[in-house]
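Below is the file input.pdb, which contains PDB, C-alpha atoms, pLDDT in the B column.
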ATOM      1  CA  MET A 746       0.000   0.000   0.000  1.00 41.00           C
ATOM      2  CA  SER A 747       1.491   3.345  -1.059  1.00 51.00           C
ATOM      3  CA  SER A 748       1.525   6.346   1.240  1.00 76.00           C
ATOM      4  CA  ASP A 749      -0.495   9.489   0.634  1.00 79.00           C
ATOM      5  CA  PRO A 750       1.689  12.034  -1.229  1.00 77.00           C
ATOM      6  CA  ARG A 751       0.146  14.825   0.878  1.00 81.00           C
ATOM      7  CA  ASP A 752       2.184  13.502   3.806  1.00 82.00           C
ATOM      8  CA  GLU A 753       5.392  14.521   2.012  1.00 86.00           C
ATOM      9  CA  ILE A 754       4.336  18.133   1.340  1.00 88.00           C
ATOM     10  CA  VAL A 755       5.184  19.366   4.844  1.00 88.00           C
ATOM     11  CA  THR A 756       8.831  18.294   4.472  1.00 90.00           C
ATOM     12  CA  HIS A 757       9.278  20.826   1.663  1.00 92.00           C
ATOM     13  CA  LEU A 758       7.863  23.885   3.484  1.00 92.00           C
ATOM     14  CA  PRO A 759      11.216  25.456   4.519  1.00 91.00           C
ATOM     15  CA  ALA A 760      12.627  25.146   0.985  1.00 91.00           C
ATOM     16  CA  LEU A 761       9.403  26.512  -0.524  1.00 93.00           C
ATOM     17  CA  ARG A 762       9.469  29.486   1.828  1.00 92.00           C
ATOM     18  CA  ALA A 763      13.132  30.214   1.052  1.00 90.00           C
ATOM     19  CA  PHE A 764      12.501  29.995  -2.691  1.00 91.00           C
ATOM     20  CA  ALA A 765       9.410  32.225  -2.431  1.00 91.00           C
ATOM     21  CA  PHE A 766      11.395  34.810  -0.468  1.00 90.00           C
ATOM     22  CA  SER A 767      14.217  34.713  -3.022  1.00 87.00           C
ATOM     23  CA  LEU A 768      11.685  35.573  -5.708  1.00 87.00           C
ATOM     24  CA  THR A 769       9.666  38.189  -3.824  1.00 86.00           C
ATOM     25  CA  ARG A 770      12.186  39.616  -1.319  1.00 86.00           C
ATOM     26  CA  ASN A 771       9.218  40.129   1.009  1.00 88.00           C
ATOM     27  CA  PHE A 772       8.495  37.727   3.888  1.00 90.00           C
ATOM     28  CA  ALA A 773       4.740  38.377   3.995  1.00 91.00           C
ATOM     29  CA  LEU A 774       4.345  38.002   0.238  1.00 90.00           C
ATOM     30  CA  ALA A 775       6.531  34.879   0.290  1.00 91.00           C
ATOM     31  CA  ASP A 776       4.337  33.321   2.983  1.00 92.00           C
ATOM     32  CA  ASP A 777       1.223  34.159   0.954  1.00 93.00           C
ATOM     33  CA  MET A 778       2.762  32.538  -2.123  1.00 92.00           C
ATOM     34  CA  VAL A 779       3.652  29.396  -0.169  1.00 94.00           C
ATOM     35  CA  GLN A 780       0.095  29.239   1.148  1.00 94.00           C
ATOM     36  CA  ASP A 781      -1.303  29.622  -2.389  1.00 93.00           C
ATOM     37  CA  THR A 782       1.096  26.914  -3.576  1.00 94.00           C
ATOM     38  CA  LEU A 783      -0.035  24.540  -0.830  1.00 93.00           C
ATOM     39  CA  VAL A 784      -3.706  25.139  -1.600  1.00 94.00           C
ATOM     40  CA  LYS A 785      -3.098  24.478  -5.295  1.00 94.00           C
ATOM     41  CA  ALA A 786      -1.006  21.380  -4.576  1.00 92.00           C
ATOM     42  CA  TRP A 787      -3.554  20.017  -2.114  1.00 91.00           C
ATOM     43  CA  THR A 788      -6.486  20.494  -4.487  1.00 91.00           C
ATOM     44  CA  LYS A 789      -4.549  19.078  -7.458  1.00 91.00           C
ATOM     45  CA  ILE A 790      -2.791  16.240  -5.602  1.00 89.00           C
ATOM     46  CA  ASN A 791      -4.505  13.767  -7.927  1.00 87.00           C
ATOM     47  CA  THR A 792      -2.367  15.141 -10.789  1.00 89.00           C
ATOM     48  CA  PHE A 793       0.884  14.381  -8.950  1.00 88.00           C
ATOM     49  CA  GLU A 794       2.494  11.205 -10.251  1.00 86.00           C
ATOM     50  CA  GLN A 795       3.728   9.106  -7.342  1.00 85.00           C
ATOM     51  CA  GLY A 796       7.366   8.180  -7.703  1.00 84.00           C
ATOM     52  CA  THR A 797       8.252  11.528  -9.289  1.00 88.00           C
ATOM     53  CA  ASN A 798       9.937  14.484  -7.585  1.00 90.00           C
ATOM     54  CA  MET A 799       7.470  16.133  -5.166  1.00 90.00           C
ATOM     55  CA  ARG A 800       9.884  19.013  -4.484  1.00 92.00           C
ATOM     56  CA  ALA A 801      10.193  19.856  -8.186  1.00 91.00           C
ATOM     57  CA  TRP A 802       6.403  19.642  -8.575  1.00 93.00           C
ATOM     58  CA  LEU A 803       5.836  22.044  -5.646  1.00 94.00           C
ATOM     59  CA  PHE A 804       8.545  24.440  -6.845  1.00 93.00           C
ATOM     60  CA  THR A 805       6.938  24.497 -10.296  1.00 92.00           C
ATOM     61  CA  ILE A 806       3.579  25.393  -8.765  1.00 94.00           C
ATOM     62  CA  LEU A 807       5.220  28.125  -6.661  1.00 94.00           C
ATOM     63  CA  ARG A 808       7.156  29.491  -9.627  1.00 92.00           C
ATOM     64  CA  ASN A 809       4.044  29.573 -11.822  1.00 91.00           C
ATOM     65  CA  THR A 810       2.133  31.282  -8.994  1.00 89.00           C
ATOM     66  CA  TYR A 811       4.845  33.927  -8.737  1.00 89.00           C
ATOM     67  CA  TYR A 812       4.849  34.720 -12.453  1.00 86.00           C
ATOM     68  CA  SER A 813       1.040  34.691 -12.622  1.00 85.00           C
ATOM     69  CA  ASN A 814       0.903  37.169  -9.748  1.00 80.00           C
ATOM     70  CA  ARG A 815       3.511  39.383 -11.429  1.00 80.00           C
ATOM     71  CA  ARG A 816       1.543  39.413 -14.658  1.00 79.00           C
ATOM     72  CA  LYS A 817      -1.646  40.295 -12.773  1.00 76.00           C
ATOM     73  CA  ALA A 818       0.046  43.068 -10.832  1.00 69.00           C
ATOM     74  CA  GLY A 819       1.635  44.478 -13.967  1.00 63.00           C
ATOM     75  CA  ARG A 820       4.538  45.818 -11.972  1.00 53.00           C
ATOM     76  CA  GLU A 821       7.149  44.756  -9.465  1.00 49.00           C
ATOM     77  CA  VAL A 822       7.092  45.864  -5.848  1.00 50.00           C
ATOM     78  CA  SER A 823      10.012  48.210  -5.470  1.00 60.00           C
ATOM     79  CA  ASP A 824      12.253  48.558  -2.461  1.00 66.00           C
ATOM     80  CA  ALA A 825      13.754  51.920  -3.370  1.00 63.00           C
ATOM     81  CA  GLU A 826      14.237  52.950   0.262  1.00 69.00           C
ATOM     82  CA  GLY A 827      15.710  49.558   1.183  1.00 67.00           C
ATOM     83  CA  VAL A 828      13.040  48.866   3.833  1.00 67.00           C
ATOM     84  CA  PHE A 829      12.880  45.146   3.101  1.00 60.00           C
ATOM     85  CA  THR A 830      16.608  44.813   2.546  1.00 62.00           C
ATOM     86  CA  GLU A 831      17.351  46.478   5.870  1.00 66.00           C
ATOM     87  CA  SER A 832      15.066  44.048   7.709  1.00 63.00           C
ATOM     88  CA  LEU A 833      17.334  41.139   6.728  1.00 62.00           C
ATOM     89  CA  SER A 834      19.977  40.026   9.177  1.00 57.00           C
ATOM     90  CA  GLU A 835      23.611  40.735   8.416  1.00 55.00           C
ATOM     91  CA  LYS A 836      26.320  38.128   8.689  1.00 48.00           C
ATOM     92  CA  PRO A 837      28.982  38.902  11.296  1.00 53.00           C
ATOM     93  CA  ALA A 838      32.054  40.850  10.268  1.00 51.00           C
ATOM     94  CA  HIS A 839      34.301  37.774  10.654  1.00 49.00           C
ATOM     95  CA  ASP A 840      32.868  36.442   7.387  1.00 50.00           C
ATOM     96  CA  GLY A 841      35.673  38.283   5.654  1.00 49.00           C
ATOM     97  CA  ARG A 842      35.745  39.772   2.152  1.00 47.00           C
ATOM     98  CA  LEU A 843      32.181  39.136   1.084  1.00 49.00           C
ATOM     99  CA  GLN A 844      29.654  40.731   3.417  1.00 64.00           C
ATOM    100  CA  MET A 845      26.003  39.751   3.231  1.00 71.00           C
ATOM    101  CA  ASN A 846      24.852  43.300   2.522  1.00 75.00           C
ATOM    102  CA  ASP A 847      27.158  43.435  -0.492  1.00 79.00           C
ATOM    103  CA  PHE A 848      25.873  40.062  -1.636  1.00 80.00           C
ATOM    104  CA  ARG A 849      22.213  41.091  -1.216  1.00 81.00           C
ATOM    105  CA  ARG A 850      22.771  44.301  -3.165  1.00 84.00           C
ATOM    106  CA  ALA A 851      24.476  42.384  -5.970  1.00 86.00           C
ATOM    107  CA  PHE A 852      21.960  39.525  -5.929  1.00 87.00           C
ATOM    108  CA  VAL A 853      18.933  41.788  -6.394  1.00 88.00           C
ATOM    109  CA  GLN A 854      20.598  43.310  -9.477  1.00 91.00           C
ATOM    110  CA  LEU A 855      20.431  39.965 -11.280  1.00 91.00           C
ATOM    111  CA  THR A 856      17.490  39.258 -13.549  1.00 91.00           C
ATOM    112  CA  ASP A 857      14.594  37.234 -12.110  1.00 89.00           C
ATOM    113  CA  GLU A 858      15.630  34.280 -14.260  1.00 91.00           C
ATOM    114  CA  GLN A 859      19.235  34.418 -13.063  1.00 91.00           C
ATOM    115  CA  ARG A 860      18.236  34.680  -9.383  1.00 90.00           C
ATOM    116  CA  GLU A 861      15.813  31.806  -9.810  1.00 89.00           C
ATOM    117  CA  ALA A 862      18.430  29.590 -11.481  1.00 90.00           C
ATOM    118  CA  LEU A 863      21.033  30.324  -8.798  1.00 88.00           C
ATOM    119  CA  ILE A 864      18.607  29.639  -5.964  1.00 87.00           C
ATOM    120  CA  LEU A 865      17.464  26.360  -7.488  1.00 89.00           C
ATOM    121  CA  VAL A 866      20.899  25.035  -8.520  1.00 88.00           C
ATOM    122  CA  GLY A 867      23.134  26.716  -5.955  1.00 82.00           C
ATOM    123  CA  ALA A 868      21.194  27.138  -2.741  1.00 78.00           C
ATOM    124  CA  GLN A 869      18.467  24.499  -3.077  1.00 82.00           C
ATOM    125  CA  GLY A 870      20.755  21.864  -4.581  1.00 83.00           C
ATOM    126  CA  PHE A 871      18.607  21.061  -7.610  1.00 88.00           C
ATOM    127  CA  SER A 872      20.391  19.344 -10.471  1.00 90.00           C
ATOM    128  CA  TYR A 873      20.454  21.302 -13.722  1.00 93.00           C
ATOM    129  CA  GLU A 874      17.867  18.859 -15.050  1.00 92.00           C
ATOM    130  CA  GLU A 875      15.523  19.378 -12.070  1.00 89.00           C
ATOM    131  CA  ALA A 876      15.900  23.156 -12.305  1.00 90.00           C
ATOM    132  CA  ALA A 877      15.216  23.072 -16.055  1.00 91.00           C
ATOM    133  CA  GLU A 878      12.083  20.986 -15.488  1.00 89.00           C
ATOM    134  CA  THR A 879      10.909  23.311 -12.715  1.00 88.00           C
ATOM    135  CA  CYS A 880      11.414  26.394 -14.902  1.00 89.00           C
ATOM    136  CA  GLY A 881      10.099  24.782 -18.074  1.00 90.00           C
ATOM    137  CA  VAL A 882      13.277  25.478 -20.065  1.00 93.00           C
ATOM    138  CA  ALA A 883      16.118  23.470 -21.601  1.00 95.00           C
ATOM    139  CA  VAL A 884      18.999  22.261 -19.432  1.00 94.00           C
ATOM    140  CA  GLY A 885      21.399  24.404 -21.470  1.00 95.00           C
ATOM    141  CA  THR A 886      19.309  27.475 -20.679  1.00 95.00           C
ATOM    142  CA  ILE A 887      19.610  26.813 -16.933  1.00 93.00           C
ATOM    143  CA  LYS A 888      23.369  26.244 -17.241  1.00 94.00           C
ATOM    144  CA  SER A 889      23.697  29.502 -19.159  1.00 94.00           C
ATOM    145  CA  ARG A 890      21.616  31.450 -16.617  1.00 93.00           C
ATOM    146  CA  VAL A 891      23.656  30.067 -13.716  1.00 92.00           C
ATOM    147  CA  ASN A 892      26.960  30.799 -15.455  1.00 91.00           C
ATOM    148  CA  ARG A 893      25.953  34.343 -16.426  1.00 93.00           C
ATOM    149  CA  ALA A 894      24.531  35.025 -12.971  1.00 91.00           C
ATOM    150  CA  ARG A 895      27.707  33.848 -11.218  1.00 88.00           C
ATOM    151  CA  ALA A 896      29.827  35.913 -13.593  1.00 88.00           C
ATOM    152  CA  ARG A 897      27.632  38.964 -12.975  1.00 90.00           C
ATOM    153  CA  LEU A 898      27.823  38.469  -9.201  1.00 87.00           C
ATOM    154  CA  ALA A 899      31.608  38.217  -9.383  1.00 85.00           C
ATOM    155  CA  GLU A 900      31.661  41.420 -11.441  1.00 87.00           C
ATOM    156  CA  LEU A 901      29.332  43.291  -9.075  1.00 87.00           C
ATOM    157  CA  LEU A 902      31.264  42.078  -6.035  1.00 80.00           C
ATOM    158  CA  GLU A 903      34.574  42.915  -7.731  1.00 80.00           C
ATOM    159  CA  LEU A 904      35.894  39.379  -7.259  1.00 76.00           C
ATOM    160  CA  ASP A 905      38.548  37.770  -9.389  1.00 70.00           C
ATOM    161  CA  ASP A 906      39.997  34.254  -9.542  1.00 65.00           C
ATOM    162  CA  ASN A 907      42.564  35.062  -6.826  1.00 63.00           C
ATOM    163  CA  ASP A 908      40.039  36.288  -4.245  1.00 59.00           C
ATOM    164  CA  LYS A 909      39.335  33.921  -1.383  1.00 53.00           C
ATOM    165  CA  LEU A 910      35.783  33.845  -0.107  1.00 51.00           C
ATOM    166  CA  GLU A 911      35.441  33.356   3.626  1.00 52.00           C
ATOM    167  CA  MET A 912      31.850  32.721   4.549  1.00 49.00           C
ATOM    168  CA  THR A 913      30.026  30.507   7.012  1.00 46.00           C
ATOM    169  CA  ASP A 914      26.829  30.433   4.956  1.00 52.00           C
ATOM    170  CA  GLN A 915      27.156  27.364   2.711  1.00 57.00           C
ATOM    171  CA  ALA A 916      24.059  28.224   0.653  1.00 57.00           C
ATOM    172  CA  THR A 917      25.476  31.637  -0.256  1.00 59.00           C
ATOM    173  CA  MET A 918      28.840  30.069  -1.064  1.00 58.00           C
ATOM    174  CA  ALA A 919      27.071  27.599  -3.345  1.00 59.00           C
ATOM    175  CA  VAL A 920      25.255  30.396  -5.135  1.00 60.00           C
ATOM    176  CA  VAL A 921      28.427  32.410  -5.740  1.00 59.00           C
ATOM    177  CA  THR A 922      30.953  29.664  -6.480  1.00 58.00           C
ATOM    178  CA  GLY A 923      28.995  26.629  -7.577  1.00 61.00           C
ATOM    179  CA  ALA A 924      30.497  24.508  -4.807  1.00 55.00           C
ATOM    180  CA  ARG A 925      27.788  22.660  -2.933  1.00 48.00           C
ATOM    181  CA  ALA A 926      27.999  22.085   0.781  1.00 44.00           C
ATOM    182  CA  GLY A 927      29.427  18.626   0.119  1.00 43.00           C
ATOM    183  CA  GLY A 928      32.104  20.038  -2.170  1.00 42.00           C
ATOM    184  CA  ALA A 929      30.707  18.962  -5.552  1.00 42.00           C
ATOM    185  CA  LEU A 930      30.324  21.513  -8.294  1.00 41.00           C
ATOM    186  CA  GLY A 931      26.827  22.701  -9.148  1.00 41.00           C
TER     187      GLY A 931
END
Is it possible to express this structure as structure tokens?
Amino acid sequence: MSSDPRDEIVTHLPALRAFAFSLTRNFALADDMVQDTLVKAWTKINTFEQGTNMRAWLFTILRNTYYSNRRKAGREVSDAEGVFTESLSEKPAHDGRLQMNDFRRAFVQLTDEQREALILVGAQGFSYEEAAETCGVAVGTIKSRVNRARARLAELLELDDNDKLEMTDQATMAVVTGARAGGALG
């Protein structure tokens, strides 16, 4: 007897919330998007194919919800005064060359597609294939977005090949360098 796939949904809540925040840069809006995603997933659970990747399925729903909401709104919520950015915690000074405020400022300058690709592949640990499926694009497109985004971050952060990054946040390291927490390249 197979288990109910709804039982697995709760295990993906932290990753869904992190991904939603990376897209919206607003905790309240991110929580609303996660709630919308859960409602959609719950009501459409009969369309989920058991044995496939629940996380990718949920991330696809969340991503589609985000872009649908953006199209409906017709504009992006701006943070010109830095209100939302300032509410984020800052890594301690001992993190060395790359400070979190610098990273956040650089990260928000990337295109939506580049941020999304880096979060999926770098921070969330998706394979290129899983990220491509989630975004509905070719694997080569995801690889290109990740490569261009990392290059743009390095440019914005004024990093070169000789700079050593000293950070305690493995997810941020993975986003910038492509090295996953376990040491494999992303």
Q) the PyMOL selection byres ((chain A and resi 756-768) around 8) on the file shown: which residues, as a list in words? A)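 After applying the PyMOL selection byres ((chain A and resi 756-768) around 8), what remains is Glu753, Ile754, Val755, Thr769, Arg770, Asn771, Phe772, Leu774, Ala775, Asp776, Met778, Val779, Arg800, Leu803, Phe804, Leu807, Tyr811, Asp857, Arg860, Glu861, Ile864, Leu865 and Gln869 of chain A.
Residue nearest Glu903 in chain A, chosen from A:Arg890, A:Phe848, A:Val853, A:Asn814 and counting all atoms listed in the file: A:Phe848.
What separates CA of Gln859 in chain A from CA of Trp787 in chain A is a distance of 29.1 Å.
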Q. So which one's closest to Gln780 in chain A, A:Arg849, A:Thr810, A:Glu794, A:Arg816? Using all atoms listed in the file, please.
A. A:Thr810
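Across the structure, CA of Arg808 in chain A and CA of Met845 in chain A are spaced 25.0 Å apart.
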Q | Given only C-alpha atoms as the counted atoms, nearest of A:Gly885, A:Thr788, A:Ser872, A:Ala851 to Arg897 in chain A | A | A:Ala851
Q: Measure the distance from CA of Leu855 in chain A to CA of Leu898 in chain A in Å and round it to one decimal.
A: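 We find that CA of Leu855 in chain A and CA of Leu898 in chain A lie 7.8 Å from each other.
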Can you complete the atoms of range 782-807 of chain A to N, CA, C and O atoms and list them as a compact mmCIF listing (two decimals), in the coordinates of the input?
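Output file selection_4.txt follows:
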# COMPACT_ATOMS: atom_id res chain seq x y z
N THR A 782 0.51 28.13 -2.99
CA THR A 782 1.10 26.91 -3.58
C THR A 782 0.55 25.67 -2.90
O THR A 782 0.20 24.69 -3.56
N LEU A 783 0.47 25.71 -1.57
CA LEU A 783 -0.04 24.54 -0.83
C LEU A 783 -1.51 24.26 -1.14
O LEU A 783 -1.90 23.10 -1.29
N VAL A 784 -2.30 25.32 -1.25
CA VAL A 784 -3.71 25.14 -1.60
C VAL A 784 -3.83 24.50 -2.99
O VAL A 784 -4.60 23.55 -3.19
N LYS A 785 -3.06 25.03 -3.94
CA LYS A 785 -3.10 24.48 -5.30
C LYS A 785 -2.62 23.03 -5.31
O LYS A 785 -3.23 22.18 -5.98
N ALA A 786 -1.53 22.75 -4.61
CA ALA A 786 -1.01 21.38 -4.58
C ALA A 786 -2.01 20.43 -3.92
O ALA A 786 -2.23 19.32 -4.41
N TRP A 787 -2.61 20.86 -2.84
CA TRP A 787 -3.55 20.02 -2.11
C TRP A 787 -4.77 19.70 -2.98
O TRP A 787 -5.23 18.56 -3.03
N THR A 788 -5.28 20.72 -3.67
CA THR A 788 -6.49 20.49 -4.49
C THR A 788 -6.19 19.74 -5.77
O THR A 788 -7.09 19.13 -6.34
N LYS A 789 -4.93 19.77 -6.21
CA LYS A 789 -4.55 19.08 -7.46
C LYS A 789 -3.65 17.86 -7.19
O LYS A 789 -2.94 17.41 -8.09
N ILE A 790 -3.67 17.35 -5.96
CA ILE A 790 -2.79 16.24 -5.60
C ILE A 790 -3.02 15.02 -6.49
O ILE A 790 -2.10 14.25 -6.73
N ASN A 791 -4.22 14.90 -7.04
CA ASN A 791 -4.50 13.77 -7.93
C ASN A 791 -3.71 13.85 -9.24
O ASN A 791 -3.57 12.84 -9.93
N THR A 792 -3.16 15.02 -9.57
CA THR A 792 -2.37 15.14 -10.79
C THR A 792 -0.89 14.82 -10.54
O THR A 792 -0.14 14.69 -11.50
N PHE A 793 -0.50 14.72 -9.27
CA PHE A 793 0.88 14.38 -8.95
C PHE A 793 1.10 12.89 -9.21
O PHE A 793 0.34 12.06 -8.75
N GLU A 794 2.16 12.60 -9.95
CA GLU A 794 2.49 11.20 -10.25
C GLU A 794 3.41 10.67 -9.17
O GLU A 794 4.55 11.12 -9.04
N GLN A 795 2.91 9.70 -8.40
CA GLN A 795 3.73 9.11 -7.34
C GLN A 795 4.99 8.51 -7.95
O GLN A 795 4.98 7.98 -9.05
N GLY A 796 6.09 8.65 -7.22
CA GLY A 796 7.37 8.18 -7.70
C GLY A 796 8.17 9.26 -8.41
O GLY A 796 9.34 9.07 -8.72
N THR A 797 7.53 10.41 -8.68
CA THR A 797 8.25 11.53 -9.29
C THR A 797 8.69 12.48 -8.18
O THR A 797 8.42 12.25 -7.00
N ASN A 798 9.33 13.56 -8.53
CA ASN A 798 9.94 14.48 -7.58
C ASN A 798 8.90 15.48 -7.05
O ASN A 798 8.53 16.43 -7.72
N MET A 799 8.46 15.26 -5.81
CA MET A 799 7.47 16.13 -5.17
C MET A 799 8.02 17.56 -5.04
O MET A 799 7.31 18.53 -5.28
N ARG A 800 9.30 17.68 -4.66
CA ARG A 800 9.88 19.01 -4.48
C ARG A 800 9.84 19.80 -5.79
O ARG A 800 9.45 20.96 -5.81
N ALA A 801 10.22 19.17 -6.89
CA ALA A 801 10.19 19.86 -8.19
C ALA A 801 8.77 20.24 -8.56
O ALA A 801 8.53 21.32 -9.10
N TRP A 802 7.81 19.36 -8.28
CA TRP A 802 6.40 19.64 -8.57
C TRP A 802 5.92 20.86 -7.78
O TRP A 802 5.30 21.77 -8.34
N LEU A 803 6.24 20.91 -6.49
CA LEU A 803 5.84 22.04 -5.65
C LEU A 803 6.53 23.34 -6.08
O LEU A 803 5.90 24.40 -6.12
N PHE A 804 7.82 23.26 -6.40
CA PHE A 804 8.54 24.44 -6.84
C PHE A 804 7.98 24.96 -8.17
O PHE A 804 7.93 26.17 -8.39
N THR A 805 7.55 24.08 -9.03
CA THR A 805 6.94 24.50 -10.30
C THR A 805 5.64 25.24 -10.03
O THR A 805 5.38 26.29 -10.63
N ILE A 806 4.83 24.72 -9.12
CA ILE A 806 3.58 25.39 -8.76
C ILE A 806 3.89 26.77 -8.19
O ILE A 806 3.26 27.77 -8.57
N LEU A 807 4.86 26.85 -7.28
CA LEU A 807 5.22 28.12 -6.66
C LEU A 807 5.74 29.11 -7.70
O LEU A 807 5.33 30.27 -7.73
